[in-house]
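Source file: input-v5.cif (mmCIF, C-alpha atoms, pLDDT in the B column; chains and numbers go by the auth columns)
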data_structure
#
loop_
_atom_site.group_PDB
_atom_site.id
_atom_site.type_symbol
_atom_site.label_atom_id
_atom_site.label_comp_id
_atom_site.label_asym_id
_atom_site.label_seq_id
_atom_site.Cartn_x
_atom_site.Cartn_y
_atom_site.Cartn_z
_atom_site.B_iso_or_equiv
_atom_site.auth_seq_id
_atom_site.auth_asym_id
ATOM 1 C CA MET A 1 -37.660 -29.277 38.042 75.00 1 A
ATOM 2 C CA THR A 2 -35.134 -28.503 40.724 78.00 2 A
ATOM 3 C CA THR A 3 -35.227 -25.354 42.782 79.00 3 A
ATOM 4 C CA GLN A 4 -32.144 -24.097 40.963 76.00 4 A
ATOM 5 C CA GLU A 5 -33.745 -24.708 37.543 75.00 5 A
ATOM 6 C CA PHE A 6 -36.926 -23.023 38.741 72.00 6 A
ATOM 7 C CA ASN A 7 -34.981 -19.975 39.976 75.00 7 A
ATOM 8 C CA THR A 8 -32.993 -19.784 36.718 82.00 8 A
ATOM 9 C CA LYS A 9 -36.217 -19.901 34.698 77.00 9 A
ATOM 10 C CA ASN A 10 -37.767 -17.155 36.835 82.00 10 A
ATOM 11 C CA GLU A 11 -34.649 -15.010 36.444 84.00 11 A
ATOM 12 C CA GLN A 12 -34.779 -15.444 32.656 87.00 12 A
ATOM 13 C CA GLU A 13 -38.456 -14.487 32.568 88.00 13 A
ATOM 14 C CA SER A 14 -37.772 -11.457 34.769 88.00 14 A
ATOM 15 C CA ALA A 15 -34.902 -10.372 32.524 89.00 15 A
ATOM 16 C CA GLU A 16 -37.069 -10.766 29.424 90.00 16 A
ATOM 17 C CA GLN A 17 -39.860 -8.764 31.040 90.00 17 A
ATOM 18 C CA ALA A 18 -37.389 -6.041 32.046 90.00 18 A
ATOM 19 C CA ALA A 19 -36.083 -5.888 28.465 90.00 19 A
ATOM 20 C CA ILE A 20 -39.631 -5.554 27.137 90.00 20 A
ATOM 21 C CA GLU A 21 -40.385 -2.760 29.607 92.00 21 A
ATOM 22 C CA LYS A 22 -37.142 -0.981 28.692 91.00 22 A
ATOM 23 C CA ARG A 23 -38.012 -1.201 24.973 89.00 23 A
ATOM 24 C CA ARG A 24 -41.558 0.040 25.641 89.00 24 A
ATOM 25 C CA GLU A 25 -40.210 3.008 27.619 92.00 25 A
ATOM 26 C CA HIS A 26 -37.711 3.804 24.842 91.00 26 A
ATOM 27 C CA LEU A 27 -40.466 3.794 22.184 91.00 27 A
ATOM 28 C CA LYS A 28 -42.658 5.981 24.379 92.00 28 A
ATOM 29 C CA ASN A 29 -39.832 8.508 24.829 94.00 29 A
ATOM 30 C CA GLU A 30 -39.001 8.500 21.111 94.00 30 A
ATOM 31 C CA SER A 31 -42.686 8.928 20.266 94.00 31 A
ATOM 32 C CA THR A 32 -42.939 11.940 22.552 96.00 32 A
ATOM 33 C CA ARG A 33 -39.831 13.474 20.971 96.00 33 A
ATOM 34 C CA ILE A 34 -41.135 12.897 17.416 96.00 34 A
ATOM 35 C CA ILE A 35 -44.595 14.265 18.294 96.00 35 A
ATOM 36 C CA ASN A 36 -42.959 17.416 19.696 97.00 36 A
ATOM 37 C CA MET A 37 -40.841 17.789 16.549 97.00 37 A
ATOM 38 C CA ALA A 38 -43.875 17.341 14.259 97.00 38 A
ATOM 39 C CA GLY A 39 -45.868 19.815 16.326 96.00 39 A
ATOM 40 C CA SER A 40 -43.254 22.550 16.418 97.00 40 A
ATOM 41 C CA GLU A 41 -41.084 22.310 13.278 96.00 41 A
ATOM 42 C CA SER A 42 -42.497 23.216 9.882 96.00 42 A
ATOM 43 C CA ASN A 43 -41.532 20.858 7.066 96.00 43 A
ATOM 44 C CA SER A 44 -40.234 18.240 9.513 97.00 44 A
ATOM 45 C CA ALA A 45 -42.298 15.283 8.251 97.00 45 A
ATOM 46 C CA LEU A 46 -39.425 13.514 6.484 95.00 46 A
ATOM 47 C CA LYS A 47 -37.175 13.969 9.507 96.00 47 A
ATOM 48 C CA CYS A 48 -39.957 12.603 11.745 96.00 48 A
ATOM 49 C CA ILE A 49 -40.526 9.593 9.464 94.00 49 A
ATOM 50 C CA HIS A 50 -36.789 8.890 9.514 94.00 50 A
ATOM 51 C CA GLN A 51 -36.696 9.111 13.324 94.00 51 A
ATOM 52 C CA LEU A 52 -39.707 6.795 13.468 91.00 52 A
ATOM 53 C CA SER A 53 -37.843 4.283 11.324 89.00 53 A
ATOM 54 C CA VAL A 54 -34.703 4.523 13.457 91.00 54 A
ATOM 55 C CA ALA A 55 -36.755 4.042 16.640 90.00 55 A
ATOM 56 C CA GLY A 56 -38.366 0.929 15.152 86.00 56 A
ATOM 57 C CA GLY A 57 -41.923 1.976 15.850 84.00 57 A
ATOM 58 C CA ALA A 58 -44.015 4.492 17.718 88.00 58 A
ATOM 59 C CA THR A 59 -47.348 5.207 19.316 89.00 59 A
ATOM 60 C CA GLU A 60 -50.508 5.890 17.310 91.00 60 A
ATOM 61 C CA GLY A 61 -50.252 9.538 18.337 94.00 61 A
ATOM 62 C CA THR A 62 -46.879 9.766 16.595 94.00 62 A
ATOM 63 C CA TYR A 63 -48.302 8.723 13.243 94.00 63 A
ATOM 64 C CA ILE A 64 -51.215 11.127 13.676 95.00 64 A
ATOM 65 C CA ALA A 65 -48.840 14.004 14.533 97.00 65 A
ATOM 66 C CA ILE A 66 -46.731 13.308 11.431 97.00 66 A
ATOM 67 C CA GLU A 67 -49.837 13.153 9.242 96.00 67 A
ATOM 68 C CA GLN A 68 -51.029 16.477 10.682 97.00 68 A
ATOM 69 C CA ARG A 69 -47.612 18.026 9.942 98.00 69 A
ATOM 70 C CA ILE A 70 -47.774 16.768 6.339 97.00 70 A
ATOM 71 C CA VAL A 71 -51.257 18.189 5.821 97.00 71 A
ATOM 72 C CA ALA A 72 -50.369 21.524 7.470 97.00 72 A
ATOM 73 C CA ASP A 73 -47.277 21.895 5.269 98.00 73 A
ATOM 74 C CA GLN A 74 -48.954 20.414 2.154 97.00 74 A
ATOM 75 C CA ASP A 75 -45.791 18.267 1.902 97.00 75 A
ATOM 76 C CA PRO A 76 -45.973 15.855 -1.066 96.00 76 A
ATOM 77 C CA ALA A 77 -42.693 14.082 -0.190 94.00 77 A
ATOM 78 C CA GLY A 78 -43.831 13.420 3.378 96.00 78 A
ATOM 79 C CA ALA A 79 -47.248 12.349 2.090 95.00 79 A
ATOM 80 C CA TYR A 80 -45.631 9.891 -0.324 93.00 80 A
ATOM 81 C CA HIS A 81 -43.435 8.275 2.340 93.00 81 A
ATOM 82 C CA LEU A 82 -46.145 8.066 5.005 93.00 82 A
ATOM 83 C CA ALA A 83 -48.619 6.677 2.434 90.00 83 A
ATOM 84 C CA LEU A 84 -46.149 3.919 1.524 88.00 84 A
ATOM 85 C CA LEU A 85 -45.674 3.162 5.211 87.00 85 A
ATOM 86 C CA ALA A 86 -49.457 3.010 5.641 85.00 86 A
ATOM 87 C CA GLN A 87 -49.778 0.649 2.661 80.00 87 A
ATOM 88 C CA ASN A 88 -47.392 -1.779 4.365 76.00 88 A
ATOM 89 C CA THR A 89 -48.914 -1.377 7.837 78.00 89 A
ATOM 90 C CA PRO A 90 -52.690 -1.454 7.416 72.00 90 A
ATOM 91 C CA ASP A 91 -53.622 -0.724 11.050 82.00 91 A
ATOM 92 C CA LEU A 92 -52.006 2.716 11.210 85.00 92 A
ATOM 93 C CA PRO A 93 -54.432 5.450 12.340 89.00 93 A
ATOM 94 C CA ILE A 94 -53.864 7.630 9.281 90.00 94 A
ATOM 95 C CA ASP A 95 -55.778 8.368 6.099 89.00 95 A
ATOM 96 C CA ALA A 96 -53.560 6.953 3.331 89.00 96 A
ATOM 97 C CA ARG A 97 -56.090 8.024 0.697 91.00 97 A
ATOM 98 C CA GLN A 98 -55.728 11.675 1.749 93.00 98 A
ATOM 99 C CA LEU A 99 -51.931 11.373 1.702 94.00 99 A
ATOM 100 C CA ILE A 100 -51.913 9.792 -1.766 93.00 100 A
ATOM 101 C CA GLU A 101 -54.223 12.525 -3.042 94.00 101 A
ATOM 102 C CA LEU A 102 -51.885 15.190 -1.622 96.00 102 A
ATOM 103 C CA ALA A 103 -48.857 13.516 -3.222 94.00 103 A
ATOM 104 C CA VAL A 104 -50.630 13.289 -6.583 95.00 104 A
ATOM 105 C CA ASN A 105 -51.896 16.874 -6.507 95.00 105 A
ATOM 106 C CA LYS A 106 -48.741 18.554 -5.164 95.00 106 A
ATOM 107 C CA GLY A 107 -45.952 16.126 -6.089 94.00 107 A
ATOM 108 C CA ASP A 108 -43.414 16.463 -8.864 94.00 108 A
ATOM 109 C CA ASN A 109 -43.129 13.976 -11.726 95.00 109 A
ATOM 110 C CA ASP A 110 -40.493 11.864 -9.933 93.00 110 A
ATOM 111 C CA GLN A 111 -42.851 11.456 -6.969 92.00 111 A
ATOM 112 C CA LEU A 112 -45.745 10.655 -9.285 94.00 112 A
ATOM 113 C CA LEU A 113 -43.725 7.971 -11.078 93.00 113 A
ATOM 114 C CA ALA A 114 -42.663 6.540 -7.702 92.00 114 A
ATOM 115 C CA LEU A 115 -46.316 6.419 -6.582 91.00 115 A
ATOM 116 C CA LEU A 116 -47.224 4.648 -9.809 89.00 116 A
ATOM 117 C CA LYS A 117 -44.542 2.020 -9.255 88.00 117 A
ATOM 118 C CA ASN A 118 -44.695 1.583 -5.476 89.00 118 A
ATOM 119 C CA LEU A 119 -48.333 1.746 -4.436 86.00 119 A
ATOM 120 C CA PRO A 120 -50.190 -1.572 -4.616 82.00 120 A
ATOM 121 C CA LEU A 121 -53.141 0.114 -6.357 82.00 121 A
ATOM 122 C CA PRO A 122 -52.099 3.577 -7.525 87.00 122 A
ATOM 123 C CA PRO A 123 -54.575 6.142 -8.897 90.00 123 A
ATOM 124 C CA VAL A 124 -53.292 5.528 -12.431 90.00 124 A
ATOM 125 C CA GLU A 125 -55.608 7.905 -14.305 91.00 125 A
ATOM 126 C CA ALA A 126 -54.921 10.848 -11.966 93.00 126 A
ATOM 127 C CA ILE A 127 -51.164 10.264 -12.154 94.00 127 A
ATOM 128 C CA LYS A 128 -51.320 9.883 -15.943 93.00 128 A
ATOM 129 C CA ALA A 129 -53.269 13.123 -16.337 94.00 129 A
ATOM 130 C CA LYS A 130 -50.880 15.078 -14.112 95.00 130 A
ATOM 131 C CA ILE A 131 -47.730 13.802 -15.870 95.00 131 A
ATOM 132 C CA LEU A 132 -49.211 14.380 -19.348 95.00 132 A
ATOM 133 C CA ALA A 133 -50.233 17.916 -18.350 95.00 133 A
ATOM 134 C CA SER A 134 -46.651 18.675 -17.310 95.00 134 A
ATOM 135 C CA ASN A 135 -45.404 18.256 -20.905 95.00 135 A
ATOM 136 C CA ASP A 136 -42.224 16.709 -19.442 95.00 136 A
ATOM 137 C CA GLY A 137 -41.144 14.380 -22.262 95.00 137 A
ATOM 138 C CA GLU A 138 -38.779 12.336 -20.082 96.00 138 A
ATOM 139 C CA ALA A 139 -41.396 11.711 -17.365 95.00 139 A
ATOM 140 C CA ILE A 140 -44.058 10.909 -19.974 94.00 140 A
ATOM 141 C CA GLY A 141 -41.680 8.421 -21.598 95.00 141 A
ATOM 142 C CA LYS A 142 -40.920 6.734 -18.259 94.00 142 A
ATOM 143 C CA MET A 143 -44.617 6.558 -17.417 93.00 143 A
ATOM 144 C CA ASN A 144 -45.547 5.119 -20.813 93.00 144 A
ATOM 145 C CA ALA A 145 -42.748 2.548 -20.607 92.00 145 A
ATOM 146 C CA TYR A 146 -43.920 1.463 -17.169 92.00 146 A
ATOM 147 C CA LEU A 147 -47.583 1.285 -18.179 90.00 147 A
ATOM 148 C CA GLN A 148 -46.671 -0.654 -21.317 89.00 148 A
ATOM 149 C CA ILE A 149 -45.318 -3.529 -19.200 87.00 149 A
ATOM 150 C CA ASN A 150 -47.953 -3.004 -16.515 83.00 150 A
ATOM 151 C CA PRO A 151 -51.100 -1.571 -18.152 73.00 151 A
ATOM 152 C CA GLU A 152 -53.240 -2.231 -15.068 70.00 152 A
ATOM 153 C CA GLY A 153 -50.957 0.016 -13.028 72.00 153 A
ATOM 154 C CA TYR A 154 -50.567 -2.518 -10.248 68.00 154 A
ATOM 155 C CA GLY A 155 -47.638 -1.626 -8.040 61.00 155 A
ATOM 156 C CA SER A 156 -44.380 -3.540 -7.828 55.00 156 A
ATOM 157 C CA GLN A 157 -45.660 -5.659 -4.934 51.00 157 A
ATOM 158 C CA HIS A 158 -48.305 -7.164 -7.208 49.00 158 A
ATOM 159 C CA MET A 159 -45.761 -7.846 -9.918 47.00 159 A
ATOM 160 C CA LEU A 160 -43.454 -9.581 -7.446 46.00 160 A
ATOM 161 C CA ALA A 161 -46.321 -11.658 -6.085 47.00 161 A
ATOM 162 C CA SER A 162 -47.304 -12.762 -9.568 46.00 162 A
ATOM 163 C CA GLY A 163 -43.775 -13.928 -10.426 44.00 163 A
ATOM 164 C CA GLN A 164 -42.891 -11.001 -12.665 43.00 164 A
ATOM 165 C CA ALA A 165 -39.734 -9.966 -10.823 41.00 165 A
ATOM 166 C CA ASP A 166 -37.889 -9.448 -14.105 40.00 166 A
ATOM 167 C CA ARG A 167 -40.098 -6.415 -14.762 40.00 167 A
ATOM 168 C CA ILE A 168 -39.123 -4.627 -11.536 38.00 168 A
ATOM 169 C CA VAL A 169 -36.731 -1.762 -12.121 39.00 169 A
ATOM 170 C CA PRO A 170 -33.982 -1.766 -9.480 37.00 170 A
ATOM 171 C CA LEU A 171 -33.778 1.362 -7.334 40.00 171 A
ATOM 172 C CA SER A 172 -30.072 1.873 -8.004 37.00 172 A
ATOM 173 C CA PRO A 173 -28.475 0.648 -11.226 38.00 173 A
ATOM 174 C CA GLY A 174 -25.295 -1.390 -10.989 38.00 174 A
ATOM 175 C CA ASN A 175 -25.998 -2.965 -7.614 35.00 175 A
ATOM 176 C CA ASN A 176 -26.853 -6.379 -8.983 37.00 176 A
ATOM 177 C CA MET A 177 -25.965 -8.993 -6.383 38.00 177 A
ATOM 178 C CA ASN A 178 -24.830 -11.389 -9.143 38.00 178 A
ATOM 179 C CA ASN A 179 -21.971 -9.144 -10.251 37.00 179 A
ATOM 180 C CA HIS A 180 -19.604 -10.191 -7.441 37.00 180 A
#

Starting from the file, lay out its structure as structure tokens.
Amino acid sequence: MTTQEFNTKNEQESAEQAAIEKRREHLKNESTRIINMAGSESNSALKCIHQLSVAGGATEGTYIAIEQRIVADQDPAGAYHLALLAQNTPDLPIDARQLIELAVNKGDNDQLLALLKNLPLPPVEAIKAKILASNDGEAIGKMNAYLQINPEGYGSQHMLASGQADRIVPLSPGNNMNNH
């Protein structure tokens, strides 16, 4: 390796390290901002989760602050979204079980149906009982239709993994990629 090649390699490594440090600093600043928002603004969990997504990550303290905001506000929508995030990122320092329980106990039927479909292992019996107790015929029909094709109540991830993609209901009708 020539001196010039060696210097070029060192410059590349230095630039990469500087980029990593810049990214780390950005995430730290965003985390601080989100923690402050969660700590001071009631009902800000969804906004915080969105900001977390835009930032591309955060510190452990950020997730804890958002969870505390959700619990303080008894926010079923925030609980649902953070629980889904926790299901996909197992090392987060939050109690997904507590969030799911909050979403089931305080959520509306649309949130309950979304939990049923999107959690890998949803609390099927609790969701079923809550939807049946609501006497909402439309929600009961949707739940029964879903459980008819998926009696075990395994979430969509399981169905995809087992090759049952044709049973997954698209999130927005009419956006089929094959219709071009």

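Atom pair CA of Pro151 (chain A) / CA of Leu132 (chain A) has a distance of 16.1 Å (rounded to one decimal).
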
For the point (-47.7, 6.5, -12.2) in file coordinates, what residues are within 10 Å, counting only C-alpha atoms? Give the answer as JSON, numbers by chain? {"A": [104, 109, 110, 111, 112, 113, 114, 115, 116, 117, 118, 119, 122, 123, 124, 125, 126, 127, 128, 129, 130, 131, 139, 140, 142, 143, 144, 146, 147, 153, 154, 155]}

Any idea what's packed within 10 Å of Ser31 (chain A), counting all atoms listed in the file, ignoring anything in its chain fewer than 6 positions away? Could you give it as a PDB file with C-alpha atoms, in the frame of the given file?
ATOM      1  CA  GLU A  25     -40.210   3.008  27.619  1.00 92.00           C
ATOM      2  CA  MET A  37     -40.841  17.789  16.549  1.00 97.00           C
ATOM      3  CA  CYS A  48     -39.957  12.603  11.745  1.00 96.00           C
ATOM      4  CA  GLN A  51     -36.696   9.111  13.324  1.00 94.00           C
ATOM      5  CA  LEU A  52     -39.707   6.795  13.468  1.00 91.00           C
ATOM      6  CA  ALA A  55     -36.755   4.042  16.640  1.00 90.00           C
ATOM      7  CA  GLY A  57     -41.923   1.976  15.850  1.00 84.00           C
ATOM      8  CA  ALA A  58     -44.015   4.492  17.718  1.00 88.00           C
ATOM      9  CA  THR A  59     -47.348   5.207  19.316  1.00 89.00           C
ATOM     10  CA  GLU A  60     -50.508   5.890  17.310  1.00 91.00           C
ATOM     11  CA  GLY A  61     -50.252   9.538  18.337  1.00 94.00           C
ATOM     12  CA  THR A  62     -46.879   9.766  16.595  1.00 94.00           C
ATOM     13  CA  TYR A  63     -48.302   8.723  13.243  1.00 94.00           C
ATOM     14  CA  ALA A  65     -48.840  14.004  14.533  1.00 97.00           C
TER      15      ALA A  65
END

Among the residues A:Leu85, A:Ile20, A:Ala38, A:Ala77, the one that comes closest to Ile64 (chain A) [using all atoms listed in the file]: A:Ala38

If we count all atoms listed in the file, what is near Ser40 (chain A) at a cut-off of 12 Å, once residues fewer than 4 positions away on the same chain are taken out, given as JSON, numbers by chain? {"A": [33, 34, 35, 36, 44, 45, 48, 65, 66, 68, 69, 72, 73]}

Centre and size of axis-aligned box enclosing region 80-90 of chain A plus 3 Å each side, as JSON:
{"center_x": -48.1, "center_y": 4.1, "center_z": 3.8, "size_x": 15.3, "size_y": 17.7, "size_z": 14.2}

Pick out the residues sitting within 8 Å of Gly78 (chain A), and hand them over as a list in words; count all atoms listed in the file, and ignore anything fewer than 2 positions along from it in its own chain.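 In the requested form, the answer reads Ala45, Leu46, Ile49, Ile70, Asp75, Pro76, Tyr80, His81 and Leu82 of chain A.
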
Residues from last step as file, C-alpha atoms, as a short mmCIF file (atom, residue, chain, number, x, y, z; two decimals), in the frame of the given file:
data_model
loop_
_atom_site.label_atom_id
_atom_site.label_comp_id
_atom_site.auth_asym_id
_atom_site.auth_seq_id
_atom_site.Cartn_x
_atom_site.Cartn_y
_atom_site.Cartn_z
CA ALA A 45 -42.30 15.28 8.25
CA LEU A 46 -39.42 13.51 6.48
CA ILE A 49 -40.53 9.59 9.46
CA ILE A 70 -47.77 16.77 6.34
CA ASP A 75 -45.79 18.27 1.90
CA PRO A 76 -45.97 15.86 -1.07
CA TYR A 80 -45.63 9.89 -0.32
CA HIS A 81 -43.44 8.28 2.34
CA LEU A 82 -46.14 8.07 5.00
#

Calculate how many Å separate CA of Asn150 (chain A) from CA of Pro120 (chain A), rounding to one decimal. 12.2 Å

Go ahead and compute the interatomic distance for CA of His26 (chain A) and CA of Leu99 (chain A), in Å to one decimal.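 Interatomic distance here is 28.2 Å.
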
Output requested as a compact mmCIF listing (two decimals), in the frame of the given file - region 7-19 of chain A, filled out with N, CA, C and O atoms.
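Output below, filename result-v5.txt:
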# COMPACT_ATOMS: atom_id res chain seq x y z
N ASN A 7 -35.48 -21.33 39.76
CA ASN A 7 -34.98 -19.98 39.98
C ASN A 7 -34.36 -19.40 38.71
O ASN A 7 -34.55 -18.23 38.39
N THR A 8 -33.62 -20.23 37.97
CA THR A 8 -32.99 -19.78 36.72
C THR A 8 -34.06 -19.39 35.72
O THR A 8 -33.96 -18.36 35.04
N LYS A 9 -35.12 -20.20 35.62
CA LYS A 9 -36.22 -19.90 34.70
C LYS A 9 -36.90 -18.59 35.09
O LYS A 9 -37.20 -17.77 34.23
N ASN A 10 -37.14 -18.40 36.38
CA ASN A 10 -37.77 -17.16 36.84
C ASN A 10 -36.88 -15.95 36.55
O ASN A 10 -37.38 -14.89 36.17
N GLU A 11 -35.58 -16.10 36.72
CA GLU A 11 -34.65 -15.01 36.44
C GLU A 11 -34.66 -14.66 34.95
O GLU A 11 -34.63 -13.49 34.59
N GLN A 12 -34.72 -15.69 34.10
CA GLN A 12 -34.78 -15.44 32.66
C GLN A 12 -36.06 -14.70 32.28
O GLN A 12 -36.04 -13.75 31.50
N GLU A 13 -37.18 -15.14 32.85
CA GLU A 13 -38.46 -14.49 32.57
C GLU A 13 -38.45 -13.05 33.06
O GLU A 13 -38.95 -12.14 32.38
N SER A 14 -37.86 -12.82 34.23
CA SER A 14 -37.77 -11.46 34.77
C SER A 14 -36.90 -10.58 33.88
O SER A 14 -37.22 -9.41 33.64
N ALA A 15 -35.80 -11.13 33.41
CA ALA A 15 -34.90 -10.37 32.52
C ALA A 15 -35.60 -10.04 31.21
O ALA A 15 -35.47 -8.93 30.70
N GLU A 16 -36.34 -11.01 30.67
CA GLU A 16 -37.07 -10.77 29.42
C GLU A 16 -38.13 -9.69 29.62
O GLU A 16 -38.29 -8.80 28.78
N GLN A 17 -38.83 -9.76 30.74
CA GLN A 17 -39.86 -8.76 31.04
C GLN A 17 -39.23 -7.38 31.21
O GLN A 17 -39.77 -6.39 30.71
N ALA A 18 -38.09 -7.32 31.86
CA ALA A 18 -37.39 -6.04 32.05
C ALA A 18 -36.96 -5.47 30.70
O ALA A 18 -37.05 -4.25 30.46
N ALA A 19 -36.50 -6.33 29.80
CA ALA A 19 -36.08 -5.89 28.46
C ALA A 19 -37.28 -5.34 27.69
O ALA A 19 -37.16 -4.32 26.99
